[in-house]
$ cat input_29.cif   # mmCIF, C-alpha atoms
data_upload
#
loop_
_atom_site.group_PDB
_atom_site.id
_atom_site.type_symbol
_atom_site.label_atom_id
_atom_site.label_comp_id
_atom_site.auth_asym_id
_atom_site.auth_seq_id
_atom_site.Cartn_x
_atom_site.Cartn_y
_atom_site.Cartn_z
ATOM 1 C CA MET A 1 48.639 -15.923 -35.780
ATOM 2 C CA TYR A 2 47.453 -15.400 -39.334
ATOM 3 C CA LYS A 3 44.886 -17.725 -40.930
ATOM 4 C CA ALA A 4 44.362 -16.407 -44.469
ATOM 5 C CA VAL A 5 45.677 -14.189 -47.249
ATOM 6 C CA VAL A 6 43.493 -12.278 -49.704
ATOM 7 C CA ILE A 7 44.988 -11.061 -52.973
ATOM 8 C CA GLY A 8 43.374 -8.758 -55.499
ATOM 9 C CA THR A 9 44.637 -7.937 -58.976
ATOM 10 C CA SER A 10 43.483 -6.976 -62.433
ATOM 11 C CA PHE A 11 45.438 -5.967 -65.540
ATOM 12 C CA GLY A 12 48.895 -7.542 -65.298
ATOM 13 C CA GLY A 13 47.674 -9.962 -62.649
ATOM 14 C CA LEU A 14 48.341 -13.150 -64.595
ATOM 15 C CA GLU A 15 52.062 -12.394 -64.606
ATOM 16 C CA ALA A 16 52.045 -11.147 -61.003
ATOM 17 C CA LEU A 17 50.333 -14.266 -59.670
ATOM 18 C CA GLN A 18 52.757 -16.510 -61.596
ATOM 19 C CA THR A 19 55.582 -14.686 -59.811
ATOM 20 C CA ILE A 20 54.103 -14.756 -56.297
ATOM 21 C CA LEU A 21 52.066 -17.952 -55.841
ATOM 22 C CA PRO A 22 54.796 -20.530 -56.716
ATOM 23 C CA GLU A 23 56.887 -19.108 -53.846
ATOM 24 C CA PHE A 24 54.613 -20.610 -51.185
ATOM 25 C CA PRO A 25 55.516 -24.107 -49.925
ATOM 26 C CA LYS A 26 53.132 -27.063 -50.072
ATOM 27 C CA GLU A 27 52.755 -26.964 -46.270
ATOM 28 C CA PHE A 28 51.832 -23.255 -46.235
ATOM 29 C CA PRO A 29 49.612 -22.994 -43.136
ATOM 30 C CA LEU A 30 47.182 -20.383 -44.514
ATOM 31 C CA ALA A 31 44.469 -20.334 -47.147
ATOM 32 C CA ILE A 32 44.935 -17.872 -50.018
ATOM 33 C CA LEU A 33 41.838 -16.357 -51.659
ATOM 34 C CA VAL A 34 42.281 -14.510 -54.947
ATOM 35 C CA VAL A 35 40.192 -12.192 -57.063
ATOM 36 C CA LEU A 36 41.595 -11.743 -60.553
ATOM 37 C CA HIS A 37 39.492 -9.533 -62.800
ATOM 38 C CA ILE A 38 38.708 -11.810 -65.713
ATOM 39 C CA GLY A 39 35.076 -10.892 -66.325
ATOM 40 C CA GLU A 40 33.090 -13.751 -67.776
ATOM 41 C CA HIS A 41 36.109 -15.540 -69.254
ATOM 42 C CA SER A 42 37.039 -18.969 -67.906
ATOM 43 C CA ASN A 43 40.172 -19.200 -65.793
ATOM 44 C CA ASP A 44 40.393 -23.015 -66.046
ATOM 45 C CA SER A 45 43.565 -23.064 -68.152
ATOM 46 C CA PHE A 46 45.266 -20.536 -65.865
ATOM 47 C CA ILE A 47 44.339 -22.584 -62.781
ATOM 48 C CA GLN A 48 45.689 -25.738 -64.488
ATOM 49 C CA HIS A 49 48.903 -23.868 -65.292
ATOM 50 C CA LEU A 50 49.226 -22.672 -61.668
ATOM 51 C CA ASN A 51 48.691 -26.233 -60.411
ATOM 52 C CA ARG A 52 51.717 -27.248 -62.509
ATOM 53 C CA ILE A 53 53.998 -24.482 -61.184
ATOM 54 C CA CYS A 54 52.722 -24.045 -57.593
ATOM 55 C CA HIS A 55 53.399 -26.256 -54.582
ATOM 56 C CA MET A 56 49.987 -25.502 -53.068
ATOM 57 C CA LYS A 57 46.714 -26.829 -54.473
ATOM 58 C CA VAL A 58 45.014 -24.252 -56.737
ATOM 59 C CA LYS A 59 41.284 -24.382 -57.441
ATOM 60 C CA GLU A 60 38.183 -22.391 -58.194
ATOM 61 C CA ALA A 61 36.197 -21.658 -55.037
ATOM 62 C CA GLU A 62 32.878 -23.471 -54.658
ATOM 63 C CA ASP A 63 29.762 -22.257 -52.868
ATOM 64 C CA LYS A 64 29.597 -23.387 -49.194
ATOM 65 C CA GLU A 65 33.087 -24.937 -49.446
ATOM 66 C CA ALA A 66 35.093 -24.938 -46.197
ATOM 67 C CA ILE A 67 38.222 -22.804 -46.538
ATOM 68 C CA GLN A 68 41.274 -24.982 -45.904
ATOM 69 C CA PRO A 69 44.905 -24.017 -45.247
ATOM 70 C CA GLY A 70 47.379 -24.926 -47.961
ATOM 71 C CA THR A 71 44.888 -24.163 -50.733
ATOM 72 C CA ILE A 72 44.654 -21.250 -53.171
ATOM 73 C CA TYR A 73 41.041 -20.363 -54.048
ATOM 74 C CA PHE A 74 40.152 -18.270 -57.088
ATOM 75 C CA ALA A 75 36.864 -16.456 -57.511
ATOM 76 C CA PRO A 76 35.024 -18.077 -60.436
ATOM 77 C CA PRO A 77 34.319 -15.953 -63.505
ATOM 78 C CA ASN A 78 31.290 -13.670 -63.101
ATOM 79 C CA TYR A 79 30.815 -14.495 -59.374
ATOM 80 C CA HIS A 80 31.672 -12.483 -56.301
ATOM 81 C CA LEU A 81 33.648 -14.561 -53.808
ATOM 82 C CA MET A 82 32.778 -13.931 -50.156
ATOM 83 C CA VAL A 83 33.887 -15.412 -46.830
ATOM 84 C CA ASN A 84 31.125 -16.460 -44.445
ATOM 85 C CA GLU A 85 31.324 -16.291 -40.639
ATOM 86 C CA ASP A 86 31.790 -20.081 -40.533
ATOM 87 C CA PHE A 87 34.918 -19.816 -42.745
ATOM 88 C CA THR A 88 33.225 -21.139 -45.872
ATOM 89 C CA CYS A 89 33.126 -19.652 -49.346
ATOM 90 C CA SER A 90 30.025 -18.037 -50.704
ATOM 91 C CA LEU A 91 29.412 -17.153 -54.352
ATOM 92 C CA SER A 92 27.089 -14.430 -55.560
ATOM 93 C CA THR A 93 25.875 -12.950 -58.828
ATOM 94 C CA ASP A 94 24.898 -9.676 -57.141
ATOM 95 C CA LEU A 95 25.471 -6.468 -59.073
ATOM 96 C CA LYS A 96 28.981 -5.576 -60.166
ATOM 97 C CA VAL A 97 31.067 -3.534 -57.741
ATOM 98 C CA ASN A 98 33.599 -1.136 -59.275
ATOM 99 C CA TYR A 99 32.457 -2.442 -62.678
ATOM 100 C CA SER A 100 33.660 -5.906 -61.688
ATOM 101 C CA ARG A 101 32.273 -9.301 -60.788
ATOM 102 C CA PRO A 102 34.194 -10.776 -59.100
ATOM 103 C CA ALA A 103 35.096 -7.649 -57.146
ATOM 104 C CA ILE A 104 38.134 -7.392 -54.908
ATOM 105 C CA ASP A 105 36.341 -5.149 -52.396
ATOM 106 C CA VAL A 106 33.642 -7.790 -51.840
ATOM 107 C CA LEU A 107 36.185 -10.511 -51.005
ATOM 108 C CA PHE A 108 38.404 -8.272 -48.864
ATOM 109 C CA GLU A 109 35.529 -6.812 -46.836
ATOM 110 C CA THR A 110 33.866 -10.149 -46.059
ATOM 111 C CA ALA A 111 37.234 -11.757 -45.275
ATOM 112 C CA ALA A 112 38.138 -8.842 -42.984
ATOM 113 C CA TRP A 113 34.872 -9.157 -41.053
ATOM 114 C CA THR A 114 35.472 -12.884 -40.589
ATOM 115 C CA TYR A 115 39.238 -13.182 -40.068
ATOM 116 C CA LYS A 116 39.799 -9.787 -38.397
ATOM 117 C CA THR A 117 43.401 -9.647 -37.036
ATOM 118 C CA THR A 118 44.332 -12.988 -38.617
ATOM 119 C CA LEU A 119 44.108 -11.742 -42.235
ATOM 120 C CA ILE A 120 46.788 -10.500 -44.636
ATOM 121 C CA GLY A 121 45.585 -8.403 -47.588
ATOM 122 C CA ALA A 122 47.608 -7.655 -50.729
ATOM 123 C CA ILE A 123 46.680 -5.454 -53.687
ATOM 124 C CA LEU A 124 48.661 -6.046 -56.861
ATOM 125 C CA CYS A 125 48.669 -4.340 -60.256
ATOM 126 C CA GLY A 126 45.508 -3.202 -62.006
ATOM 127 C CA LEU A 127 43.806 -0.337 -63.798
ATOM 128 C CA ASN A 128 40.918 0.642 -61.499
ATOM 129 C CA SER A 129 40.277 1.410 -57.832
ATOM 130 C CA ASP A 130 38.729 -1.951 -56.891
ATOM 131 C CA GLY A 131 40.350 -3.228 -53.707
ATOM 132 C CA ALA A 132 41.143 0.125 -52.083
ATOM 133 C CA LYS A 133 38.063 0.112 -49.818
ATOM 134 C CA GLY A 134 38.506 -3.584 -49.114
ATOM 135 C CA LEU A 135 42.139 -3.143 -48.100
ATOM 136 C CA LEU A 136 41.110 -0.282 -45.820
ATOM 137 C CA GLU A 137 38.573 -2.628 -44.167
ATOM 138 C CA VAL A 138 41.287 -5.275 -43.671
ATOM 139 C CA LYS A 139 43.405 -2.647 -41.916
ATOM 140 C CA LYS A 140 40.483 -1.339 -39.816
ATOM 141 C CA MET A 141 39.775 -4.878 -38.598
ATOM 142 C CA GLY A 142 43.408 -5.305 -37.531
ATOM 143 C CA GLY A 143 44.770 -7.296 -40.457
ATOM 144 C CA TYR A 144 48.132 -6.733 -42.132
ATOM 145 C CA THR A 145 48.015 -4.798 -45.411
ATOM 146 C CA MET A 146 50.379 -4.480 -48.356
ATOM 147 C CA VAL A 147 50.408 -3.150 -51.891
ATOM 148 C CA GLU A 148 52.665 -3.807 -54.811
ATOM 149 C CA ASN A 149 55.003 -0.900 -55.484
ATOM 150 C CA PRO A 150 53.104 0.949 -58.245
ATOM 151 C CA LYS A 151 56.234 2.655 -59.532
ATOM 152 C CA THR A 152 57.483 -0.555 -61.084
ATOM 153 C CA TYR A 153 54.529 -1.509 -63.301
ATOM 154 C CA SER A 154 52.430 0.234 -65.932
ATOM 155 C CA ALA A 155 49.149 -0.970 -64.369
ATOM 156 C CA SER A 156 49.624 1.176 -61.281
ATOM 157 C CA ILE A 157 46.153 2.657 -60.688
ATOM 158 C CA MET A 158 44.984 -0.151 -58.387
ATOM 159 C CA PRO A 159 47.970 -0.159 -55.990
ATOM 160 C CA ASN A 160 48.112 3.667 -56.076
ATOM 161 C CA GLU A 161 44.445 3.983 -55.092
ATOM 162 C CA ALA A 162 44.832 1.359 -52.357
ATOM 163 C CA PHE A 163 47.932 3.116 -51.058
ATOM 164 C CA LYS A 164 46.190 6.514 -50.922
ATOM 165 C CA LEU A 165 43.019 5.259 -49.224
ATOM 166 C CA ALA A 166 44.215 2.432 -46.966
ATOM 167 C CA LYS A 167 47.720 3.634 -46.027
ATOM 168 C CA PRO A 168 48.915 -0.001 -45.940
ATOM 169 C CA HIS A 169 51.600 -1.284 -43.614
ATOM 170 C CA ILE A 170 54.051 -1.819 -46.476
ATOM 171 C CA ARG A 171 54.589 -1.205 -50.184
ATOM 172 C CA LEU A 172 57.016 -3.574 -51.872
ATOM 173 C CA GLN A 173 58.214 -5.011 -55.154
ATOM 174 C CA GLN A 174 56.121 -7.812 -56.634
ATOM 175 C CA GLU A 175 58.904 -10.358 -56.305
ATOM 176 C CA LYS A 176 59.211 -9.646 -52.540
ATOM 177 C CA ILE A 177 55.538 -10.086 -51.619
ATOM 178 C CA ALA A 178 55.620 -13.851 -50.988
ATOM 179 C CA ALA A 179 58.801 -13.542 -48.902
ATOM 180 C CA LYS A 180 57.190 -10.817 -46.771
ATOM 181 C CA ILE A 181 54.108 -12.969 -46.156
ATOM 182 C CA LEU A 182 56.330 -15.894 -45.178
ATOM 183 C CA ASP A 183 58.284 -13.589 -42.835
ATOM 184 C CA LEU A 184 55.047 -12.548 -41.120
ATOM 185 C CA LEU A 185 54.488 -16.167 -40.114
ATOM 186 C CA GLN A 186 57.843 -16.399 -38.276
#

$ encode --input "input_29.cif" --output "structure tokens"
Amino acid sequence: MYKAVVIGTSFGGLEALQTILPEFPKEFPLAILVVLHIGEHSNDSFIQHLNRICHMKVKEAEDKEAIQPGTIYFAPPNYHLMVNEDFTCSLSTDLKVNYSRPAIDVLFETAAWTYKTTLIGAILCGLNSDGAKGLLEVKKMGGYTMVENPKTYSASIMPNEAFKLAKPHIRLQQEKIAAKILDLLQ
């Protein structure tokens, strides 16, 4: 039984997340943790927008906050988001990883170590290799892995790199990602 989903994206991610996240029902039994490369820019207006179009609650993750099902947590600007062994969020201003803070690899690796076989990892569009090592760790720990089909979007470096390194379970169109995650819960 799965307990959480981690999603990583960069360039093109605003549009991708607006396509995927509204597809999940209010009673979705998993937590969703997201790293969107936004640098030091605030994501408050985007989170407010998602709260209007999504059925699930969308918020910025807080340090030491218990991770709850039915909630979408975003890494705050300029902070790495990590998952602790007690299923709480942890925020860090450690050095950038893959030129990014928040970094996808940091979230995916810590989530994989905590959730192990109960984690689903998804890499969406982006223009660097952040997330490839993290997705590989999700797979090594027994989680289910997926990447957006890089042939359909111009920002294909991120899913291509993740596909080459992690050899994910599935590669699919952006608009089919939410449906696949919902299918995994059946």

$ resolve_selection --input "input_29.cif" --expression "the PyMOL selection byres ((chain A and resi 129-140) around 9)" --output "number ranges by chain"
A: 8-10, 97-100, 103-113, 115-117, 119-123, 126-128, 141-146, 157-169

$ closest_residue --input "input_29.cif" --among "A:Glu60, A:Glu175, A:Asp183, A:Glu15" --to "A:Ile47" --atoms "all atoms listed in the file"
A:Glu60

$ axis_aligned_box --input "input_29.cif" --around "stretch 160-175 of chain A" --padding-each-side "6 Å" --output "AutoDock Vina command-line options"
--center_x 51.0 --center_y -1.9 --center_z -50.1 --size_x 27.9 --size_y 28.9 --size_z 25.0

$ resolve_selection --input "input_29.cif" --expression "the PyMOL selection byres ((chain A and resi 172) around 7)" --output "VMD selection string"
chain A and resid 147 to 149 170 to 171 173 to 174 176 to 177

$ closest_residue --input "input_29.cif" --among "A:Pro77, A:Leu30, A:Ala178, A:Gln186" --to "A:Leu124" --atoms "all atoms listed in the file"
A:Ala178
